Structure formats: C-alpha cells, structure tokens
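Right, one structure below, let's go through it.
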Amino acid sequence: MLRATRWILSSLVTLLGLYAYFFVPITGTRTLWDHTRRILATPEAHELGDDIRTAGDRVATKIRREVIPSVMTGFDGGVRNDAGGARRSR
C-alpha cells in the first residue's frame with residue numbers, strides 16, 4: 001500500500017512539474033520550454049554539440065581499439081579472478 005501511494009504521489013509531482021515546464025509562462029509570455037528551445041538554437045549550443053560529438057567519437061574509437069580487443073583476448077587488467085580476490089603481485 002505504501003509503495004502504491006508513493007508511486008501515485010511521485011507521478012503527480014512529475015506531471016505537475018511537466019505541466020509547469022511546458023505551459024506556465026515564467027517571463028510573461030514564454031515558458032521554460034520556449035526558453036530551452038531558444039537557448040539550444042544558439043550558435044554556441046551548436047558548437048557545444050559538435051564538440052561533444054567529436055569527444056564521443058574519440059572515446060568510441062579508443063574503446064574499439066584498446067578495450068574491446070583486450071576483453072576479447074581475456075586480459076583481466078591485473079586482477080585475479082579467484083574466490084579470495086587477491087591482486088597479482090608486481
């Protein structure tokens with residue numbers, strides 16, 4: 001019963017927040033959604049998106065080149081896979 005009540009209350013708060021975000025004007029005529037769209041349409045936001053995409057591509061390339069091959073060959077990163085969980089001596 002308590003779980004259902006919490007779920008209903010959480011859902012109502014979420015719906016209230018979404019309603020305010022999309023339909024309640026905060027500066028006279030514009031809602032938070034309108035402000036978000038205008039901010040994301042700026043050249044700076046587009047530049048940030050391009051930079052994030054470039055960084056993500058670099059990370060994906062590094063994972064494909066280094067991480068996946070080492071996982072496929074069974075490299076365990078120097079950690080033994082036994083019940084004691086002891087580390088390998090160096």
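Chain identifiers are assigned as A, B, and so on, following the order in which chains appear in the structure tokens; residues are numbered from 1 within each chain, and ligands are numbered from 1 in order of appearance.
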Backbone-only DSSP, alpha helix (DSSP H) members of range 35-84 of chain A, as a short mmCIF file (atom, residue, chain, number, x, y, z; two decimals) with N, CA and C atoms, in the first residue's frame:
```cif
data_model
loop_
_atom_site.label_atom_id
_atom_site.label_comp_id
_atom_site.auth_asym_id
_atom_site.auth_seq_id
_atom_site.Cartn_x
_atom_site.Cartn_y
_atom_site.Cartn_z
N HIS A 35 12.11 28.93 -23.55
CA HIS A 35 13.47 29.38 -23.24
C HIS A 35 14.50 28.31 -23.61
N THR A 36 14.20 27.06 -23.30
CA THR A 36 15.12 25.96 -23.63
C THR A 36 15.34 25.87 -25.13
N ARG A 37 14.26 25.96 -25.91
CA ARG A 37 14.40 25.90 -27.37
C ARG A 37 15.24 27.05 -27.90
N ARG A 38 15.03 28.26 -27.37
CA ARG A 38 15.81 29.41 -27.83
C ARG A 38 17.29 29.27 -27.47
N ILE A 39 17.58 28.76 -26.29
CA ILE A 39 18.98 28.57 -25.88
C ILE A 39 19.64 27.52 -26.76
N LEU A 40 18.95 26.42 -27.02
CA LEU A 40 19.54 25.35 -27.83
C LEU A 40 19.69 25.71 -29.30
N PRO A 43 24.24 29.61 -31.72
CA PRO A 43 25.45 29.05 -32.31
C PRO A 43 26.36 28.39 -31.27
N GLU A 44 26.40 28.94 -30.07
CA GLU A 44 27.23 28.36 -29.02
C GLU A 44 26.76 26.95 -28.65
N ALA A 45 25.45 26.77 -28.59
CA ALA A 45 24.91 25.44 -28.26
C ALA A 45 25.23 24.45 -29.38
N HIS A 46 25.16 24.90 -30.62
CA HIS A 46 25.51 24.03 -31.74
C HIS A 46 26.99 23.66 -31.70
N GLU A 47 27.82 24.63 -31.36
CA GLU A 47 29.26 24.36 -31.25
C GLU A 47 29.53 23.36 -30.13
N LEU A 48 28.85 23.53 -29.00
CA LEU A 48 29.00 22.59 -27.90
C LEU A 48 28.57 21.18 -28.33
N GLY A 49 27.47 21.08 -29.06
CA GLY A 49 27.02 19.79 -29.56
C GLY A 49 28.04 19.13 -30.46
N ASP A 50 28.67 19.93 -31.33
CA ASP A 50 29.71 19.39 -32.21
C ASP A 50 30.91 18.91 -31.41
N ASP A 51 31.30 19.68 -30.39
CA ASP A 51 32.44 19.28 -29.55
C ASP A 51 32.14 18.00 -28.78
N ILE A 52 30.92 17.89 -28.27
CA ILE A 52 30.54 16.67 -27.54
C ILE A 52 30.53 15.48 -28.48
N ARG A 53 30.03 15.67 -29.69
CA ARG A 53 30.01 14.58 -30.68
C ARG A 53 31.44 14.15 -31.02
N THR A 54 32.35 15.11 -31.20
CA THR A 54 33.74 14.79 -31.50
C THR A 54 34.39 14.01 -30.36
N ALA A 55 34.16 14.46 -29.12
CA ALA A 55 34.73 13.77 -27.96
C ALA A 55 34.15 12.36 -27.85
N GLY A 56 32.88 12.21 -28.09
CA GLY A 56 32.26 10.89 -28.05
C GLY A 56 32.82 9.96 -29.10
N ASP A 57 33.08 10.50 -30.30
CA ASP A 57 33.68 9.69 -31.35
C ASP A 57 35.08 9.23 -30.96
N ARG A 58 35.84 10.12 -30.31
CA ARG A 58 37.18 9.75 -29.87
C ARG A 58 37.14 8.65 -28.81
N VAL A 59 36.22 8.76 -27.88
CA VAL A 59 36.08 7.74 -26.84
C VAL A 59 35.67 6.41 -27.47
N ALA A 60 34.71 6.45 -28.39
CA ALA A 60 34.26 5.22 -29.04
C ALA A 60 35.40 4.56 -29.82
N THR A 61 36.21 5.38 -30.50
CA THR A 61 37.34 4.84 -31.26
C THR A 61 38.35 4.20 -30.31
N LYS A 62 38.64 4.86 -29.19
CA LYS A 62 39.60 4.31 -28.23
C LYS A 62 39.08 2.99 -27.65
N ILE A 68 38.01 -3.29 -26.31
CA ILE A 68 37.37 -4.49 -26.86
C ILE A 68 38.39 -5.57 -27.20
N PRO A 69 39.52 -5.24 -27.87
CA PRO A 69 40.48 -6.32 -28.13
C PRO A 69 41.04 -6.95 -26.85
N SER A 70 41.29 -6.15 -25.81
CA SER A 70 41.83 -6.73 -24.58
C SER A 70 40.79 -7.59 -23.88
N VAL A 71 39.53 -7.24 -23.97
CA VAL A 71 38.48 -8.07 -23.39
C VAL A 71 38.35 -9.37 -24.16
N MET A 72 38.44 -9.29 -25.47
CA MET A 72 38.30 -10.48 -26.30
C MET A 72 39.46 -11.45 -26.10
N THR A 73 40.66 -10.93 -25.78
CA THR A 73 41.81 -11.81 -25.57
C THR A 73 41.88 -12.32 -24.13
#
```
Q: Please report, as a VMD selection string, each residue of chain A to which DSSP assigns strand (DSSP E or B) when run on this structure's backbone.
A: chain A and resid 25 31 79 87
File of the preceding selection, C-alpha atoms, as a compact mmCIF listing (two decimals), in the first residue's frame:
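Written out: selection.txt:
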```
# COMPACT_ATOMS: atom_id res chain seq x y z
CA PRO A 25 4.88 31.29 -18.62
CA THR A 31 7.50 29.08 -20.83
CA VAL A 79 43.16 -8.65 -11.19
CA ARG A 87 45.69 -8.97 -6.54
```
Q: Using only C-alpha atoms, pick whichever of A:Ile63, A:Leu32, A:Gly74, A:Leu2 has the shortest atom-to-atom distance to Gly17 in chain A.
A: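 Under the stated criterion, the closest residue is A:Leu32.
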